[in-house]
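So the structure is just underneath, and the comments pick up after that.
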Amino acid sequence: MLSKRLKALSDFIPDGSKVIDVGADHALLDIYLTKEKNCLCLATDISEKCVWKALENIKKHQVQVKVKVADGLKGLTLNDEIIVIAGMGTQTILKIVPNNLTNDLIISSHHDIPLLRREMFKKGYYIFKEQAVYDKRYYVIIYFKKGRKKTNCYVSPFLTSNKEYMRFLLKKYENIFIHTKNKKEKLKIYLLMRKIKKFL
Ligand SMILES: C[S@@+](CC[C@H](N)C(=O)[O-])C[C@H]1O[C@@H](n2cnc3c(N)ncnc32)[C@H](O)[C@@H]1O
């Protein structure tokens with residue numbers, strides 16, 4: 001029922017957690033968490049159409065999942081829920097996360113992962129856990145907690161033991177290297193590639 005990406009994300013969530021899934025769309029994650037991990041979920045989406053789709057799925061699976069139309073966290077009362085934001089780009093995700101937020105966050109952005117790590121660090125979050133999962137393409141899932149700890153935005157120490165992902169990352173930077181004209185940028189990417197090679 002769940003994609004490999006969403007299953008990996010669900011594995012980050014402890015049994016019995018309270019969860020707010022922002023941009024839940026089909027709410028499949030919430031249905032799974034409620035059924036299999038005894039979680040209490042609120043599935044939200046900015047699109048009314050998606051919330052109707054979620055409601056249909058929830059009815060079909062006969063589970064108790066709350067739903068709400070909402071733009072990000074606007075208008076939601078927050079307590080100690082884990083907030084999930086998955087399946088969007090980093091810019092959209094960063095707009096959803098206010099600077100004064102303290103909840104745990106599990107984020108899976110479709111792109112700009114270094115930017116996500118850097119901006120979340122600026123918002124006072126550190127990486128508690130992280131995983132790269134291959135589901136037709138690579139997705140990175142990051143569990144952020146509020147607090148100060150150094151973050152490596154480009155080569156996450158959580159991912160360096162995943163040789164296949166390191167090979168993918170190296171290929172990506174090799175491609176960027178070839179197409180970069182700026183000398184300073186080229187040197188930065190070269191050093192990054194050298195660092196990644198150490199893990200292969
Ligand atoms: C590609 S779907 C991802 C669905 C699910 N989270 C997943 O990872 O499979 C992205 C969803 O985010 C919703 N979305 C985009 N911006 C949003 C916002 N500011 N607040 C809430 N939902 C948003 C879209 O309507 C869409 O349903």
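Residues in the structure tokens are named by chain (A, B, ... in the order shown) and by number from 1 within that chain; ligands are numbered from 1 in the order shown.
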
Within 10 Å of ligand 1 (only C-alpha atoms and all ligand atoms), residues as a ChimeraX atom specification: /A:2-3,5-6,9,21-30,43-51,53-54,68-74,84-89,92-97,107-110

Give me the segment 22-131 of chain A side of the contact with segment 143-160 of chain A, cut-off 10 Å, one line per residue showing its nearest atom pair and distance in Å at one decimal, counting only C-alpha atoms, sorted by chain and residue number, as CSV.
```
residue,atom,partner,partner_atom,distance
A:Ile82,CA,A:Tyr143,CA,9.6
A:Ile83,CA,A:Tyr143,CA,9.8
A:Val84,CA,A:Tyr143,CA,9.1
A:Asn100,CA,A:Lys146,CA,9.9
A:Leu101,CA,A:Lys146,CA,8.3
A:Thr102,CA,A:Lys146,CA,5.7
A:Asn103,CA,A:Lys146,CA,7.2
A:Asp104,CA,A:Lys145,CA,4.9
A:Leu105,CA,A:Phe144,CA,5.1
A:Ile106,CA,A:Tyr143,CA,4.4
A:Ile107,CA,A:Tyr143,CA,6.5
A:Ser108,CA,A:Tyr143,CA,8.9
A:Ile113,CA,A:Cys153,CA,7.8
A:Pro114,CA,A:Cys153,CA,4.7
A:Leu115,CA,A:Cys153,CA,7.2
A:Leu116,CA,A:Cys153,CA,8.1
A:Arg117,CA,A:Cys153,CA,5.3
A:Arg118,CA,A:Cys153,CA,5.7
A:Glu119,CA,A:Cys153,CA,9.4
A:Met120,CA,A:Phe144,CA,8.0
A:Phe121,CA,A:Thr151,CA,7.0
A:Lys122,CA,A:Arg148,CA,9.6
A:Lys123,CA,A:Lys146,CA,8.5
A:Gly124,CA,A:Gly147,CA,5.7
A:Tyr125,CA,A:Lys146,CA,4.3
A:Tyr126,CA,A:Lys149,CA,5.5
A:Ile127,CA,A:Phe144,CA,4.7
A:Phe128,CA,A:Tyr143,CA,5.5
A:Lys129,CA,A:Tyr143,CA,5.1
A:Glu130,CA,A:Phe158,CA,5.7
A:Gln131,CA,A:Leu159,CA,6.4
```

Atoms to include: C-alpha atoms. Write the selected residues as a tab-separated table (two decimals), in the first residue's frame.
```
chain	number	residue	atom	x	y	z
A	82	ILE	CA	5.65	15.21	15.08
A	83	ILE	CA	5.17	17.25	11.93
A	84	VAL	CA	5.68	15.50	8.59
A	100	ASN	CA	9.77	29.85	16.19
A	101	LEU	CA	8.60	26.25	15.68
A	102	THR	CA	9.85	23.72	18.27
A	103	ASN	CA	8.10	20.48	17.21
A	104	ASP	CA	10.06	17.53	15.83
A	105	LEU	CA	9.90	17.53	12.04
A	106	ILE	CA	10.31	14.76	9.49
A	107	ILE	CA	10.96	16.23	6.09
A	108	SER	CA	11.40	14.65	2.69
A	113	ILE	CA	18.63	19.05	0.15
A	114	PRO	CA	21.80	21.05	1.06
A	115	LEU	CA	19.67	24.23	1.14
A	116	LEU	CA	17.11	22.46	3.35
A	117	ARG	CA	19.80	21.35	5.83
A	118	ARG	CA	21.35	24.85	5.90
A	119	GLU	CA	18.08	26.75	6.35
A	120	MET	CA	16.78	24.33	8.99
A	121	PHE	CA	20.06	24.86	10.89
A	122	LYS	CA	19.40	28.62	10.72
A	123	LYS	CA	15.94	27.97	12.15
A	124	GLY	CA	17.62	26.27	15.13
A	125	TYR	CA	17.16	22.62	14.11
A	126	TYR	CA	19.70	19.80	14.01
A	127	ILE	CA	19.59	16.46	12.20
A	128	PHE	CA	18.63	13.66	14.56
A	129	LYS	CA	18.39	10.97	11.85
A	130	GLU	CA	18.62	10.82	8.12
A	131	GLN	CA	18.19	8.21	5.39
```

Using only C-alpha atoms: which of A:Lys35, A:Leu42, A:Glu81, A:Phe12 has the shortest distance to Val63 of chain A: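 Closest candidate: A:Lys35.
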
DSSP-assigned helix (DSSP H, G or I) among segment 5-192 of chain A, expressed as a ChimeraX atom specification: /A:5-11,28-37,48-61,90-96,113-122,163-179,183-192

Residues of the last selection are to be written out with C-alpha atoms, as a short mmCIF file (atom, residue, chain, number, x, y, z; two decimals), in the first residue's frame.
```cif
data_model
loop_
_atom_site.label_atom_id
_atom_site.label_comp_id
_atom_site.auth_asym_id
_atom_site.auth_seq_id
_atom_site.Cartn_x
_atom_site.Cartn_y
_atom_site.Cartn_z
CA ARG A 5 9.67 6.26 0.28
CA LEU A 6 6.65 6.63 2.57
CA LYS A 7 7.38 3.31 4.30
CA ALA A 8 10.92 4.51 5.08
CA LEU A 9 9.46 7.77 6.39
CA SER A 10 6.95 5.88 8.55
CA ASP A 11 9.83 3.87 10.08
CA LEU A 28 -1.90 7.06 2.76
CA LEU A 29 0.87 7.69 5.27
CA ASP A 30 -1.67 8.67 7.94
CA ILE A 31 -3.85 5.63 7.23
CA TYR A 32 -0.79 3.37 7.59
CA LEU A 33 0.42 5.08 10.79
CA THR A 34 -3.04 4.84 12.36
CA LYS A 35 -3.57 1.21 11.37
CA GLU A 36 -0.10 -0.22 11.89
CA LYS A 37 1.56 2.05 14.45
CA GLU A 48 -9.71 21.03 -0.86
CA LYS A 49 -9.71 18.44 -3.66
CA CYS A 50 -6.86 16.54 -1.98
CA VAL A 51 -8.65 16.61 1.37
CA TRP A 52 -11.71 15.03 -0.30
CA LYS A 53 -9.41 12.37 -1.78
CA ALA A 54 -7.96 11.79 1.70
CA LEU A 55 -11.46 11.47 3.18
CA GLU A 56 -12.41 8.87 0.58
CA ASN A 57 -9.29 6.80 1.36
CA ILE A 58 -9.83 7.11 5.10
CA LYS A 59 -13.44 5.93 4.71
CA LYS A 60 -12.33 3.04 2.51
CA HIS A 61 -9.80 1.86 5.12
CA THR A 90 12.63 22.82 -0.31
CA GLN A 91 11.41 26.39 -0.99
CA THR A 92 7.78 25.41 -0.32
CA ILE A 93 8.79 23.42 2.78
CA LEU A 94 10.82 26.31 4.22
CA LYS A 95 7.85 28.65 3.83
CA ILE A 96 5.76 26.20 5.88
CA ILE A 113 18.63 19.05 0.15
CA PRO A 114 21.80 21.05 1.06
CA LEU A 115 19.67 24.23 1.14
CA LEU A 116 17.11 22.46 3.35
CA ARG A 117 19.80 21.35 5.83
CA ARG A 118 21.35 24.85 5.90
CA GLU A 119 18.08 26.75 6.35
CA MET A 120 16.78 24.33 8.99
CA PHE A 121 20.06 24.86 10.89
CA LYS A 122 19.40 28.62 10.72
CA LYS A 163 27.97 3.65 -0.77
CA GLU A 164 25.35 3.53 -3.51
CA TYR A 165 24.03 6.92 -2.47
CA MET A 166 27.58 8.29 -2.26
CA ARG A 167 28.17 7.06 -5.84
CA PHE A 168 24.96 8.78 -6.93
CA LEU A 169 26.01 12.01 -5.18
CA LEU A 170 29.48 11.88 -6.75
CA LYS A 171 27.96 11.47 -10.22
CA LYS A 172 25.64 14.41 -9.57
CA TYR A 173 28.53 16.68 -8.55
CA GLU A 174 30.72 15.45 -11.43
CA ASN A 175 27.96 16.57 -13.77
CA ILE A 176 27.67 19.96 -12.05
CA PHE A 177 31.50 20.28 -12.16
CA ILE A 178 31.55 19.79 -15.94
CA HIS A 179 28.93 22.48 -16.49
CA LYS A 183 36.46 28.99 -11.03
CA LYS A 184 35.61 29.49 -7.36
CA GLU A 185 32.46 27.34 -7.69
CA LYS A 186 34.44 24.72 -9.62
CA LEU A 187 37.01 24.47 -6.82
CA LYS A 188 34.24 24.14 -4.24
CA ILE A 189 32.66 21.27 -6.18
CA TYR A 190 36.06 19.64 -6.76
CA LEU A 191 36.74 19.61 -3.00
CA LEU A 192 33.28 18.22 -2.39
#
```

Among the residues A:Gly75, A:His111, A:Val65, A:Ile142, the one that comes closest to Ile13 of chain A [using only C-alpha atoms]: A:Ile142

Segment 7-185 of chain A: residues DSSP assigns to strand (DSSP E or B), reported as a PyMOL selection string: chain A and resi 18-22+40-45+66-69+82-88+105-109+125-134+138-146

For atom CA of Ser161 of chain A and atom CA of Asp112 of chain A, the interatomic separation in Å (one decimal): 21.0 Å

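As for atom CA of Asn38 of chain A and atom CA of Asp15 of chain A, they are spaced 6.0 Å apart.
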
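The spacing separating atom CA of Lys4 of chain A from atom CA of Lys136 of chain A amounts to 9.4 Å.
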